[in-house]
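Single-structure report; data block below.
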Amino acid sequence: MAHGTALIYDEEMTKYKLLWVDPACKIEVPERLSVSYEALVRNGLADRCVSIPVREATDAEILLVHSDEYLEAVKKTPYMTLEDLKEFTLQFGDVYFHPNIYRCAKLAAGSALQLVDSVMMERVRNGMALVRPPGHHSMRSAASGFCVFNNVAIAARYAKQKYGVKRVLIVDWDIHHGQGVQYCFEDDPRGVFGKGRIIFGCLKCNILVFVLFIFNSVLYFSWHRYEHQKFWPQLRESDYDSVGKEKGAGFNINLPWNQVGMENSDYLSVFCHVLLPVAYEFCPDLVLVCAGFDSAIGDPEGEMCATPDIFAHLTHLLMNLAGGRLCAVLEGGYNLTSLPQSVCQTVQTLLGDPLPQLANLSGPCRSALESLQCLRSAQKQYWGSLKHTASPTAANISTKRIRIAEGEVEEEEKTELGEEEKNSEEKVWHEPPKRPCPPIRAASVLPDDVACPDGCKRITKDIHPLVVSRLKDHLVQEAEDGDALATFSTLVSLVQKMEKNEVGSGLALVGDVIKAMMCVVQHVSPDLNRVLVVCVGNGKIPSHISRDGKVLVLQISSDASEEQQSKHYISVCLQKGCCNTSGFMQAVLGLLLPVGYEYNPDLVVLVRMPDSGVCDVVWKQLTGLLQSFAKGHTLVLMQEKENSCVGPTASILLGDPAPPLETLQAPDREDVDAVERLRRRLQADWKLLQTTSEYTS
Ligand SMILES: NCCCNCCCCCS
Ligand SMILES: [Zn+2]
């Protein structure tokens, strides 16, 4: 298992800048890189990373994406006079050249390749390359948007060529559309059978089995400020209906933001309802992130309102893919305060530190919902997890771009205001909270004959007098059973240690998981405001447990609970319970994650019911994803006889990446229907469950 986080940076890449007046380019300054690196140093994060040296990309590597004539032309720029540089620049848009930019562009691309080498050779688990010039706008034969060589596109091609990586996921959370990346891969051969989708008609059982053999492929996801094609680069092909061409259909995913001011809720809902379901189905071997931070609050380009700590969560959600192989490469980011904060949030998550809690999440705004629905509808024919998406009725989708195109609505001028006209009020936001690592990362409460996994700290069972007295009146029948009493009081004291951040997470083997869970829930201290209880497998959970919203129970099982569902008692009934990976993940990504984020618990109790049937890999994915909540304070309860689950669970609680699931088959129709029905019913209570705009007030 690879460990460590690579950091690639060299101050040489700060040694070029705009040499003439150009309002479009003045924001791309060397300080972007230096303030980001200095913040990592100041926060003690640089020292915790594995420092990997930069190198220049070779011609051959650059030619993986760019044309020979373009490379030859750029090679001449170091010897150009100022006038020649200006002249040369004129042929491109919103970019500038400098005598040293060719060298820096080779270093930026080379840094991305060093990062890929480090991850693929397992010298590190993941990493970040702090580079400039950025890359995602540059095209085969053109520089664009401050970009000269397409760092991430070159890295993707390089990974496939050198390491035989089959499936690469590129996530572009920069606020601009990386058209250069889209052009590079949109007609990328997807393998023998087009996308490799082979459809078997099994006459006997007359069931269409969609078997998705996904051969070599690059899946590109980008969200970007669009404003109905009025925001730079103002391309028709940046809209949600650009899904990839012919064999590449379904492998290009564009989420246009048609308004500014998008917040954390908007970003998370797109991850939960589009990117993650598709990414799990795609099952990448490597994740590359076009890590642009102009999507953060305060950025003059994005004019969005998502706070820097959102990148801690976006990074974490992607780390559960590809066995944790994640390479983040800096793209944009022009606010010299939110940029370094966002970079630090990203690197701190790559290092495995606990995630910050995201407060005050609400639902996505109406415009985001329209984009979300349009995108899901445009992509549903390619992805099983989106298959049963409701098609947007004309009434509730933004056809504004179409109407503009048809001249119905006269074109407003470009939305981009000059720097001076930009809404003058400066955005303010809190500095992201510290994310201290607890002295004990994971603790265990185990029967004496069960070994404590490496890295875990065993908490010896003992009777905690003050706890016992409180317990006694609750658990009369256990009063005589000394062992149960000892277990329960140890669990309660373990939770108290979590509250004080002395312990990160815990796992316990107990005689009766439901009783243990009830005991913990009833004895958490009053200043623990909300407890999320996730029950995996069949079993009766006393419904009085979710009293007054202090406890939210979400159970995934195969028995339709006769219990009245309520806002705080959600029972997801799956055809094959927890055995069907696709259905289970559909419920986790489309229901549990959004509700969990909105509920924002201070403690998560994960209960593995006896005979849950959940397989190890899915269990590990779930345990990993639940670390998103409660600063990673998760208490895992399992039945005594399941001691084979102790090791795998502990490894995830200690920060190991969950192994990738296989490429997911399309979930069973019944399961998708069940999740969809539940989502529709619950979205009135839990706004992050919304995926269509007809429900917004
Ligand atoms: N108001 C300045 C216009 C800049 N347009 C190009 C932006 C390139 C961003 C690269 S991440
Ligand atoms: Zn950008």
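Ligands are numbered from 1 in the order shown, chains are lettered A, B, ... in the order of the structure tokens, and residues start at 1 in each chain.
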
Hey, which residues come within 8 Å of ligand 1 if we count only C-alpha atoms and all ligand atoms? Could you give them as a ChimeraX atom specification? /A:23-27,93-95,134,136-137,144-147,174-176,232-233,292,294,300-301,331-333,416-419

Which of range 226-269 of chain A DSSP labels alpha helix (DSSP H), written as an MDAnalysis selection string: chainID A and resid 264:269

Could you write out that same residue set with C-alpha atoms as a compact mmCIF listing (two decimals), in the first residue's frame?
```txt
# COMPACT_ATOMS: atom_id res chain seq x y z
CA ASN A 264 -20.78 24.65 -1.24
CA SER A 265 -24.25 23.05 -1.53
CA ASP A 266 -24.25 23.48 -5.30
CA TYR A 267 -20.82 21.90 -5.66
CA LEU A 268 -21.64 18.96 -3.39
CA SER A 269 -24.94 18.23 -5.10
```

For Glu227 in chain A, work out the shell of residues within 6 Å, counting only C-alpha atoms and skipping chain neighbours fewer than 2 positions away, then give it as a PyMOL selection string. chain A and resi 229-231+258-259

Could the residues in this selection be written to a file with C-alpha atoms, as a JSON list (two decimals), in the first residue's frame?
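Listed below is the output, selection33.json:
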```json
[["chain", "number", "residue", "atom", "x", "y", "z"],
["A", 229, "GLN", "CA", -22.49, 31.01, -23.30],
["A", 230, "LYS", "CA", -21.76, 34.57, -22.29],
["A", 231, "PHE", "CA", -18.78, 33.80, -20.09],
["A", 258, "ASN", "CA", -25.46, 29.77, -15.54],
["A", 259, "GLN", "CA", -25.26, 32.12, -12.59]]
```

Of the candidates A:Lys434, A:Lys500, A:His177, A:Arg680, which one gets nearest to ligand 2 if we count only C-alpha atoms and all ligand atoms? A:His177

Separation of CA of Tyr102 in chain A from CA of Tyr79 in chain A in Å: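 So the answer is 10.6 Å.
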
Residue contacts of Asn43 in chain A (12 Å, only C-alpha atoms) excluding same-chain residues fewer than 2 positions away, as a PyMOL selection string: chain A and resi 36-41+45-49+340-341+343-345+347-348+434-436

Please report, as an MDAnalysis selection string, each residue of range 249-315 of chain A to which DSSP assigns strand (DSSP E or B) when run on this structure's backbone. chainID A and resid 252:257 286:291

Using the selection just defined, write its residues with C-alpha atoms as an mmCIF file, in the first residue's frame.
```
data_model
loop_
_atom_site.group_PDB
_atom_site.id
_atom_site.type_symbol
_atom_site.label_atom_id
_atom_site.label_comp_id
_atom_site.auth_asym_id
_atom_site.auth_seq_id
_atom_site.Cartn_x
_atom_site.Cartn_y
_atom_site.Cartn_z
ATOM 1 C CA ASN A 252 -17.353 14.095 -21.706
ATOM 2 C CA ILE A 253 -19.395 15.652 -18.892
ATOM 3 C CA ASN A 254 -19.971 19.420 -18.769
ATOM 4 C CA LEU A 255 -21.832 21.095 -15.913
ATOM 5 C CA PRO A 256 -22.456 24.764 -16.855
ATOM 6 C CA TRP A 257 -23.014 27.271 -14.029
ATOM 7 C CA LEU A 286 -6.106 6.911 -11.956
ATOM 8 C CA VAL A 287 -7.691 10.248 -11.052
ATOM 9 C CA LEU A 288 -6.180 13.484 -12.382
ATOM 10 C CA VAL A 289 -7.544 16.763 -11.047
ATOM 11 C CA CYS A 290 -7.369 20.028 -12.963
ATOM 12 C CA ALA A 291 -7.187 21.752 -9.605
#
```

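For the set A:Arg679, A:Lys550, A:Arg441, A:Arg236, the residue with the smallest atom-to-atom gap to Gln179 in chain A is A:Arg236, counting only C-alpha atoms.
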
If we count only C-alpha atoms and set the cut-off at 8 Å, which residues sit around Glu28 in chain A, ignoring sequence neighbours fewer than 5 positions away in its own chain? Please answer as an MDAnalysis selection string. chainID A and resid 17:18 146 334

Kindly export the residues of the current selection with all heavy atoms, as a tab-separated table (two decimals), in the first residue's frame.
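Resulting contents of again32.tsv:
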```
chain	number	residue	atom	x	y	z
A	17	LYS	N	6.31	36.81	-16.33
A	17	LYS	CA	5.13	37.62	-16.01
A	17	LYS	C	4.73	38.45	-17.22
A	17	LYS	O	5.44	38.48	-18.24
A	17	LYS	CB	5.46	38.54	-14.83
A	17	LYS	CG	6.55	39.55	-15.13
A	17	LYS	CD	6.87	40.41	-13.93
A	17	LYS	CE	7.94	41.44	-14.31
A	17	LYS	NZ	8.28	42.31	-13.18
A	18	LEU	N	3.59	39.12	-17.11
A	18	LEU	CA	3.09	39.96	-18.21
A	18	LEU	C	3.99	41.17	-18.37
A	18	LEU	O	4.24	41.88	-17.40
A	18	LEU	CB	1.65	40.38	-17.88
A	18	LEU	CG	0.89	41.22	-18.91
A	18	LEU	CD1	0.79	40.50	-20.25
A	18	LEU	CD2	-0.50	41.56	-18.38
A	146	PHE	N	-4.10	31.76	-20.58
A	146	PHE	CA	-2.87	31.70	-19.77
A	146	PHE	C	-2.13	30.38	-19.92
A	146	PHE	O	-1.09	30.18	-19.28
A	146	PHE	CB	-3.15	31.91	-18.27
A	146	PHE	CG	-4.07	33.05	-17.93
A	146	PHE	CD1	-4.90	32.96	-16.82
A	146	PHE	CD2	-4.11	34.20	-18.70
A	146	PHE	CE1	-5.77	34.01	-16.49
A	146	PHE	CE2	-4.98	35.24	-18.39
A	146	PHE	CZ	-5.81	35.15	-17.29
A	334	TYR	N	-7.08	33.10	-8.68
A	334	TYR	CA	-6.53	34.45	-8.86
A	334	TYR	C	-6.75	35.36	-7.66
A	334	TYR	O	-6.39	36.52	-7.70
A	334	TYR	CB	-7.10	35.05	-10.15
A	334	TYR	CG	-6.84	34.12	-11.32
A	334	TYR	CD1	-7.82	33.23	-11.76
A	334	TYR	CD2	-5.58	34.02	-11.89
A	334	TYR	CE1	-7.56	32.32	-12.77
A	334	TYR	CE2	-5.31	33.11	-12.89
A	334	TYR	CZ	-6.29	32.25	-13.32
A	334	TYR	OH	-6.02	31.34	-14.30
```

Excluding Gly549 in chain A and any residue of its chain fewer than 5 positions from it, enumerate the residues within 10 Å of it, using only C-alpha atoms, and give them as a list in words.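 That gives Asn529, Arg530, Val531, Leu532, Lys567, His568, Tyr569 and Tyr599 of chain A.
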
Selection export as a CSV table (one decimal), in the first residue's frame, atoms kept: C-alpha atoms:
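Produced file again_1.csv, reproduced below:
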```csv
chain,number,residue,atom,x,y,z
A,529,ASN,CA,-25.8,17.9,18.9
A,530,ARG,CA,-26.4,15.4,16.2
A,531,VAL,CA,-25.6,11.7,15.8
A,532,LEU,CA,-25.9,10.0,12.4
A,567,LYS,CA,-37.3,12.9,8.3
A,568,HIS,CA,-34.9,11.3,10.8
A,569,TYR,CA,-35.7,7.7,10.2
A,599,TYR,CA,-27.5,16.9,8.6
```

Contact residues around Leu130 in chain A with only C-alpha atoms at 8 Å, ignoring same-chain residues under 3 positions, as a ChimeraX atom specification: /A:7-9,33,36-37,329-330

Which of these, A:Val21, A:Ala296, A:Val116, A:Met80, has the shortest distance to ligand 2 once you count only C-alpha atoms and all ligand atoms? A:Ala296
